[in-house]
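> Supplied structure: input.cif, mmCIF, C-alpha atoms.
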```cif
data_my_file
#
loop_
_atom_site.label_atom_id
_atom_site.label_comp_id
_atom_site.auth_asym_id
_atom_site.auth_seq_id
_atom_site.Cartn_x
_atom_site.Cartn_y
_atom_site.Cartn_z
CA MET A 1 101.61 71.46 99.15
CA LEU A 2 99.43 72.89 96.40
CA TRP A 3 100.17 76.30 94.94
CA VAL A 4 98.21 77.96 92.15
CA LEU A 5 99.24 81.36 90.84
CA ALA A 6 97.63 83.06 87.86
CA ALA A 7 99.93 84.39 85.16
CA LEU A 8 101.11 87.98 85.30
CA ILE A 9 98.84 89.59 82.74
CA ALA A 10 99.79 93.16 81.78
CA ALA A 11 99.97 94.40 85.35
CA GLY A 12 97.55 92.19 87.23
CA LEU A 13 98.37 89.28 89.49
CA THR A 14 95.94 86.94 91.22
CA GLY A 15 97.36 84.47 93.70
CA ALA A 16 95.55 81.49 95.13
CA TRP A 17 97.25 78.65 96.96
CA LEU A 18 96.44 76.10 99.63
CA ILE A 19 98.56 74.76 102.45
CA PRO A 20 97.52 71.52 104.18
CA ARG A 21 95.78 72.21 107.51
CA ASN A 22 98.19 70.02 109.45
CA THR A 23 101.11 72.26 108.58
CA PRO A 24 102.72 74.12 111.50
CA HIS A 25 102.17 77.27 109.43
CA LYS A 26 98.40 77.30 109.52
CA SER A 27 98.46 81.04 110.24
CA VAL A 28 100.33 81.60 106.97
CA ALA A 29 97.67 79.64 105.10
CA GLN A 30 94.94 81.73 106.69
CA TYR A 31 96.69 84.96 105.71
CA ILE A 32 97.21 83.72 102.16
CA ASN A 33 93.58 82.73 101.76
CA ARG A 34 92.39 86.15 102.92
CA ALA A 35 94.94 87.95 100.72
CA ASN A 36 93.84 85.87 97.74
CA ALA A 37 90.29 87.19 97.90
CA THR A 38 91.49 90.78 97.88
CA GLY A 39 94.09 90.04 95.21
CA THR A 40 91.50 88.54 92.88
CA ALA A 41 89.30 91.63 93.17
CA PHE A 42 92.32 93.90 92.75
CA ALA A 43 93.48 92.16 89.56
CA LYS A 44 90.00 92.40 88.08
CA GLN A 45 89.74 96.10 88.92
CA TYR A 46 93.17 96.86 87.50
CA GLN A 47 92.18 95.07 84.32
CA ASP A 48 89.47 97.73 84.02
CA VAL A 49 92.20 100.37 84.25
CA GLY A 50 94.17 98.63 81.50
CA ASN A 51 91.07 98.46 79.32
CA ALA A 52 90.41 102.15 79.92
CA TYR A 53 93.99 102.98 78.92
CA ARG A 54 93.76 100.97 75.70
CA SER A 55 90.54 102.79 74.76
CA LEU A 56 91.81 106.30 75.59
CA THR A 57 90.94 108.93 73.03
CA LEU A 58 91.43 112.66 72.93
CA ALA A 59 87.99 113.17 71.40
CA PRO A 60 86.35 115.88 73.56
CA GLN A 61 83.02 114.05 73.85
CA ALA A 62 84.73 111.00 75.36
CA GLN A 63 87.14 112.62 77.78
CA ALA A 64 84.77 113.28 80.68
CA ALA A 65 83.48 109.70 80.70
CA GLN A 66 87.01 108.30 80.49
CA ALA A 67 88.27 110.46 83.34
CA ALA A 68 85.29 109.47 85.53
CA ARG A 69 85.85 105.79 84.77
CA LEU A 70 89.52 106.01 85.69
CA ARG A 71 88.85 107.94 88.91
CA LEU A 72 86.30 105.34 89.98
CA SER A 73 88.73 102.50 89.28
CA ALA A 74 91.51 104.30 91.15
CA HIS A 75 89.31 104.81 94.22
CA ARG A 76 88.31 101.14 94.19
CA LEU A 77 91.96 100.10 93.96
CA THR A 78 92.74 102.27 96.96
CA GLN A 79 90.03 100.60 98.99
CA LEU A 80 91.19 97.12 98.00
CA ARG A 81 94.79 97.98 98.85
CA VAL A 82 93.66 99.33 102.24
CA ASP A 83 91.69 96.12 102.80
CA LEU A 84 94.82 94.07 102.13
CA GLN A 85 96.88 96.33 104.36
CA GLN A 86 94.49 95.66 107.24
CA ILE A 87 94.89 91.89 107.03
CA PRO A 88 97.37 90.90 109.78
CA ALA A 89 100.23 88.77 108.55
CA PRO A 90 102.14 86.24 110.65
CA PRO A 91 105.91 86.71 110.80
CA ALA A 92 106.56 84.12 108.09
CA ALA A 93 104.35 86.02 105.62
CA ARG A 94 105.49 89.56 106.32
CA VAL A 95 107.87 89.74 103.37
CA LEU A 96 105.11 88.45 101.11
CA ARG A 97 102.72 91.04 102.55
CA ARG A 98 105.22 93.87 101.99
CA ARG A 99 105.80 92.83 98.38
CA LEU A 100 102.10 92.43 97.68
CA LEU A 101 101.39 95.89 99.03
CA ALA A 102 104.17 97.42 96.92
CA PHE A 103 102.82 95.59 93.88
CA TYR A 104 99.26 96.77 94.44
CA ARG A 105 100.26 100.30 95.43
CA ARG A 106 102.13 100.80 92.14
CA GLN A 107 99.07 99.75 90.15
CA GLU A 108 96.95 102.08 92.24
CA GLN A 109 99.33 104.96 91.50
CA VAL A 110 99.13 104.28 87.77
CA ALA A 111 95.33 104.43 87.92
CA TYR A 112 95.42 107.85 89.61
CA GLU A 113 98.09 108.98 87.18
CA LEU A 114 95.93 108.08 84.19
CA ALA A 115 92.95 109.87 85.74
CA GLY A 116 95.12 112.98 86.18
CA ILE A 117 96.26 112.77 82.57
CA MET A 118 92.68 112.66 81.33
CA ALA A 119 91.82 115.72 83.44
CA TYR A 120 94.83 117.60 82.00
CA PHE A 121 94.41 116.92 78.29
CA PRO A 122 91.07 118.73 77.72
CA LYS A 123 92.51 121.89 79.27
CA LEU A 124 95.69 121.63 77.23
CA ILE A 125 93.81 121.08 73.99
CA ALA A 126 91.47 123.99 74.72
CA SER A 127 94.46 126.23 75.41
CA GLU A 128 96.06 125.32 72.09
CA ARG A 129 92.89 125.39 70.00
CA PRO A 130 93.10 129.09 68.98
CA LEU A 131 96.57 128.59 67.48
CA ALA A 132 95.43 126.69 64.38
CA PRO A 133 93.07 129.41 63.10
CA ALA A 134 95.61 132.06 64.11
CA ALA A 135 98.28 130.32 62.00
CA ALA A 136 95.87 129.99 59.06
CA SER A 137 95.03 133.68 59.30
CA LEU A 138 98.73 134.49 59.48
CA ARG A 139 99.46 132.62 56.25
CA ALA A 140 96.52 134.15 54.42
CA SER A 141 97.36 137.67 55.56
CA LEU A 142 101.05 137.36 54.74
CA ALA A 143 100.18 136.20 51.23
CA LYS A 144 98.26 139.44 50.67
CA SER A 145 100.63 141.83 52.39
CA LYS A 146 102.91 143.95 50.21
CA THR A 147 105.35 145.62 52.56
CA PRO A 148 107.74 144.49 55.30
CA LYS A 149 105.99 146.82 57.72
CA ALA A 150 102.60 145.20 57.02
CA GLN A 151 104.08 141.72 57.38
CA ALA A 152 105.70 142.67 60.69
CA ALA A 153 102.33 143.89 61.98
CA ILE A 154 100.63 140.64 60.92
CA LEU A 155 103.30 138.64 62.72
CA GLY A 156 102.66 140.74 65.81
CA VAL A 157 99.01 139.65 65.85
CA TYR A 158 100.11 136.02 65.67
CA GLY A 159 102.59 136.64 68.46
CA VAL A 160 99.76 137.86 70.70
CA ALA A 161 97.87 134.59 70.05
CA ILE A 162 100.98 132.58 70.87
CA ALA A 163 101.50 134.49 74.12
CA ALA A 164 97.86 133.99 75.15
CA SER A 165 98.09 130.23 74.60
CA ARG A 166 101.38 130.10 76.47
CA ASP A 167 99.85 131.85 79.48
CA ARG A 168 96.84 129.54 79.46
CA ILE A 169 99.01 126.42 79.32
CA ALA A 170 101.30 127.69 82.07
CA GLY A 171 98.25 128.15 84.30
CA ILE A 172 97.01 124.57 83.99
CA HIS A 173 97.60 122.29 86.97
CA ALA A 174 99.53 119.39 85.43
CA PRO A 175 99.99 115.94 86.98
CA ALA A 176 103.58 115.25 88.01
CA LEU A 177 104.09 112.94 85.05
CA LEU A 178 103.24 115.66 82.52
CA ALA A 179 104.77 118.65 84.32
CA PRO A 180 108.03 118.39 82.30
CA ALA A 181 106.07 118.19 79.02
CA GLN A 182 104.02 121.20 80.08
CA ALA A 183 107.16 123.18 80.92
CA ALA A 184 108.70 122.19 77.58
CA GLU A 185 105.60 123.42 75.72
CA VAL A 186 105.67 126.74 77.58
CA ARG A 187 109.35 127.10 76.62
CA ARG A 188 108.59 126.20 73.01
CA LEU A 189 105.88 128.84 72.74
CA LEU A 190 108.12 131.40 74.40
CA ALA A 191 110.84 130.59 71.85
CA THR A 192 108.25 131.01 69.09
CA GLU A 193 107.37 134.45 70.41
CA GLN A 194 111.06 135.36 70.42
CA SER A 195 111.44 134.11 66.84
CA ILE A 196 108.46 136.20 65.77
CA ARG A 197 110.08 139.29 67.26
CA GLU A 198 113.31 138.37 65.49
CA VAL A 199 111.50 138.12 62.14
CA GLN A 200 109.69 141.40 62.79
CA HIS A 201 112.98 143.15 63.51
CA ALA A 202 114.57 141.60 60.42
CA LEU A 203 111.70 142.76 58.21
CA LEU A 204 111.81 146.29 59.51
CA SER A 205 115.61 146.49 59.32
CA HIS A 206 115.84 144.62 55.97
CA ASN A 207 118.25 142.11 57.51
CA ARG A 208 118.03 139.03 55.26
CA GLU A 209 120.31 136.87 57.40
CA GLN A 210 118.31 137.52 60.56
CA LEU A 211 115.08 137.00 58.61
CA GLN A 212 116.16 133.56 57.41
CA ARG A 213 117.29 132.58 60.90
CA GLY A 214 113.99 133.64 62.43
CA LEU A 215 111.90 131.91 59.76
CA THR A 216 113.82 128.66 60.28
CA LYS A 217 112.97 128.71 63.99
CA LEU A 218 109.31 129.35 63.20
CA ARG A 219 109.01 126.10 61.25
CA ASP A 220 108.54 124.10 64.46
CA THR A 221 104.97 122.82 64.11
CA GLY A 222 104.83 120.62 67.21
CA SER A 223 102.11 120.85 69.82
CA GLY A 224 101.87 120.35 73.55
CA ALA A 225 99.14 117.74 73.17
CA SER A 226 101.15 115.54 70.82
CA ALA A 227 104.26 115.80 72.99
CA ALA A 228 102.29 115.06 76.17
CA THR A 229 100.63 112.08 74.50
CA ARG A 230 104.03 110.58 73.72
CA VAL A 231 105.15 111.14 77.32
CA ALA A 232 101.99 109.49 78.68
CA ILE A 233 102.33 106.43 76.45
CA LEU A 234 106.00 105.93 77.24
CA ALA A 235 105.37 106.40 80.97
CA TYR A 236 102.53 103.89 81.02
CA ASN A 237 104.64 101.29 79.23
CA ARG A 238 107.49 101.95 81.66
CA HIS A 239 105.12 101.57 84.61
CA VAL A 240 103.85 98.25 83.28
CA GLY A 241 107.45 97.06 83.24
CA GLU A 242 107.94 98.24 86.82
CA ILE A 243 104.78 96.47 87.92
CA ARG A 244 105.91 93.26 86.27
CA LEU A 245 109.16 93.45 88.24
CA LEU A 246 107.20 93.93 91.48
CA GLY A 247 105.00 90.98 90.52
CA ALA A 248 108.10 88.88 89.91
CA LYS A 249 109.26 89.69 93.45
CA VAL A 250 105.92 88.46 94.77
CA GLU A 251 106.35 85.24 92.80
CA ARG A 252 109.88 84.71 94.12
CA GLU A 253 108.64 85.08 97.68
CA ARG A 254 105.79 82.69 96.92
CA GLN A 255 108.32 80.13 95.73
CA ARG A 256 110.49 80.67 98.80
CA LEU A 257 107.53 80.09 101.11
CA ASP A 258 106.57 77.04 99.12
CA ASN A 259 110.04 75.56 99.59
CA THR A 260 110.44 76.45 103.26
CA LEU A 261 106.94 75.39 104.36
CA ASN A 262 107.12 71.95 102.76
#
```
How does the structure come out when it is put into structure tokens?

Amino acid sequence: MLWVLAALIAAGLTGAWLIPRNTPHKSVAQYINRANATGTAFAKQYQDVGNAYRSLTLAPQAQAAQAARLRLSAHRLTQLRVDLQQIPAPPAARVLRRRLLAFYRRQEQVAYELAGIMAYFPKLIASERPLAPAAASLRASLAKSKTPKAQAAILGVYGVAIAASRDRIAGIHAPALLAPAQAAEVRRLLATEQSIREVQHALLSHNREQLQRGLTKLRDTGSGASAATRVAILAYNRHVGEIRLLGAKVERERQRLDNTLN
């Protein structure tokens, strides 16, 4: 019996194997041959998803094209997975079919996940964009201010900018993968607002200890985009590992069939 199976590359698997026609499991061979054609197309399409991921950039001019490319790939993967699902499998190949579908479905999910990420990032970045000039204005104004009352008022203006960004970010529809990062950024901005109020109160009440405590909290310079980027990268790498495990299950079933059909 001749079996040929391409290597698991990143998250793509292409299987192609032949069973002699005089085997009592001719129906298995027919299923395998039909599944191979779909699997080859699926692996090629998922490679496009991997390439899109490796070329991801947060540059605004590239985001729309990247998101469109990923959505198209995801839709094509869905159609290929549906095509495979519609191929009837004989009893001997049902475990193989179930594992192939799980393997392909996970890759399909990753493609949609990446498309959702690329739709989320432009909105997140736009929501955060006013904060950089607001912070620069804050520093410049504080350097010129002479009284605690004036400094407290300047901080209040910055607090309004923080609150506006927080509200915008909270209103973005986030993909499930990035929902925790979004919630964490909303909490971070809310904590920043609270620290600003603490510093304002300390300035007006001449409370040095409270002032130092509030200023320490305000030194957090993180951003939602950078945190979400880390989450997305780690999640993709984790998903690749999951897909490899699913591919390994397909390979084990392939080997089992090879042994039992000889």
> Atom CA of A:Arg256 to atom CA of A:Gly39: how many Å, to one decimal?
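So the two atoms, atom CA of A:Arg256 and atom CA of A:Gly39, lie 19.2 Å apart.
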> How many Å lie between atom CA of A:Ala64 and atom CA of A:Ala170, rounded to one decimal?
22.0 Å
> Return the single residue from A:Ala164, A:Ala135, A:Ala228, A:Ala152 that is closest to A:Pro180, with distances computed using only C-alpha atoms.
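Result for the nearest residue to A:Pro180: A:Ala228.
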> What's the separation between atom CA of A:His173 and atom CA of A:Lys123, in Å to one decimal place?
9.2 Å
> Given the choices A:Ile154, A:Ile125, A:Ala37, A:Ala43, which gets closest to A:Glu108 if the distance is worked out from only C-alpha atoms?
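Among the listed residues, A:Ala43 lies closest to A:Glu108.
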> For the interface of stretch 69-131 of chain A with stretch 234-244 of chain A (cut-off 7 Å, counting only C-alpha atoms), please tabulate each contacting residue of stretch 69-131 of chain A alongside its nearest pair of atoms and their separation in Å to one decimal, rows sorted by chain and increasing number, as a Markdown table.

```
| residue | atom | partner | partner_atom | distance |
| --- | --- | --- | --- | --- |
| A:Phe103 | CA | A:Ile243 | CA | 6.3 |
| A:Arg106 | CA | A:Ile243 | CA | 6.6 |
| A:Gln107 | CA | A:Ile243 | CA | 7.0 |
```
> If you apply the PyMOL selection byres ((chain A and resi 71) around 10) to this file, what residues do you get, as number ranges by chain?
A: 49, 65-70, 72-77, 111-116, 118-119
> To test your reading of the syntax: which residues would the PyMOL selection byres ((chain A and resi 167) around 12) return for the file shown? Reply as a PyMOL selection string.
chain A and resi 124+127-128+160-166+168-172+182-183+185-187+189-190
> Apply the PyMOL selection byres ((chain A and resi 153) around 12) to the structure shown and report the selected residues as a list of chain:residue names.
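This file, filtered by the PyMOL selection byres ((chain A and resi 153) around 12), leaves A:Leu138, A:Ser141, A:Leu142, A:Ser145, A:Lys146, A:Thr147, A:Pro148, A:Lys149, A:Ala150, A:Gln151, A:Ala152, A:Ile154, A:Leu155, A:Gly156, A:Val157, A:Tyr158, A:Gly159, A:Val160, A:Ile196, A:Arg197, A:Val199, A:Gln200, A:His201, A:Leu203, A:Leu204.
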> Could those residues be written to a file, using C-alpha atoms, as a PDB file, in the coordinates of the input?

```
ATOM      1  CA  LEU A 138      98.730 134.490  59.480  1.00  0.00           C
ATOM      2  CA  SER A 141      97.360 137.670  55.560  1.00  0.00           C
ATOM      3  CA  LEU A 142     101.050 137.360  54.740  1.00  0.00           C
ATOM      4  CA  SER A 145     100.630 141.830  52.390  1.00  0.00           C
ATOM      5  CA  LYS A 146     102.910 143.950  50.210  1.00  0.00           C
ATOM      6  CA  THR A 147     105.350 145.620  52.560  1.00  0.00           C
ATOM      7  CA  PRO A 148     107.740 144.490  55.300  1.00  0.00           C
ATOM      8  CA  LYS A 149     105.990 146.820  57.720  1.00  0.00           C
ATOM      9  CA  ALA A 150     102.600 145.200  57.020  1.00  0.00           C
ATOM     10  CA  GLN A 151     104.080 141.720  57.380  1.00  0.00           C
ATOM     11  CA  ALA A 152     105.700 142.670  60.690  1.00  0.00           C
ATOM     12  CA  ILE A 154     100.630 140.640  60.920  1.00  0.00           C
ATOM     13  CA  LEU A 155     103.300 138.640  62.720  1.00  0.00           C
ATOM     14  CA  GLY A 156     102.660 140.740  65.810  1.00  0.00           C
ATOM     15  CA  VAL A 157      99.010 139.650  65.850  1.00  0.00           C
ATOM     16  CA  TYR A 158     100.110 136.020  65.670  1.00  0.00           C
ATOM     17  CA  GLY A 159     102.590 136.640  68.460  1.00  0.00           C
ATOM     18  CA  VAL A 160      99.760 137.860  70.700  1.00  0.00           C
ATOM     19  CA  ILE A 196     108.460 136.200  65.770  1.00  0.00           C
ATOM     20  CA  ARG A 197     110.080 139.290  67.260  1.00  0.00           C
ATOM     21  CA  VAL A 199     111.500 138.120  62.140  1.00  0.00           C
ATOM     22  CA  GLN A 200     109.690 141.400  62.790  1.00  0.00           C
ATOM     23  CA  HIS A 201     112.980 143.150  63.510  1.00  0.00           C
ATOM     24  CA  LEU A 203     111.700 142.760  58.210  1.00  0.00           C
ATOM     25  CA  LEU A 204     111.810 146.290  59.510  1.00  0.00           C
TER      26      LEU A 204
END
```
> Using all atoms listed in the file, determine which residues lie at most 8 Å from A:Leu80, disregarding the query and same-chain residues fewer than 2 positions distant; provide the list as a PyMOL selection string.
chain A and resi 38+41-42+76-78+82-84
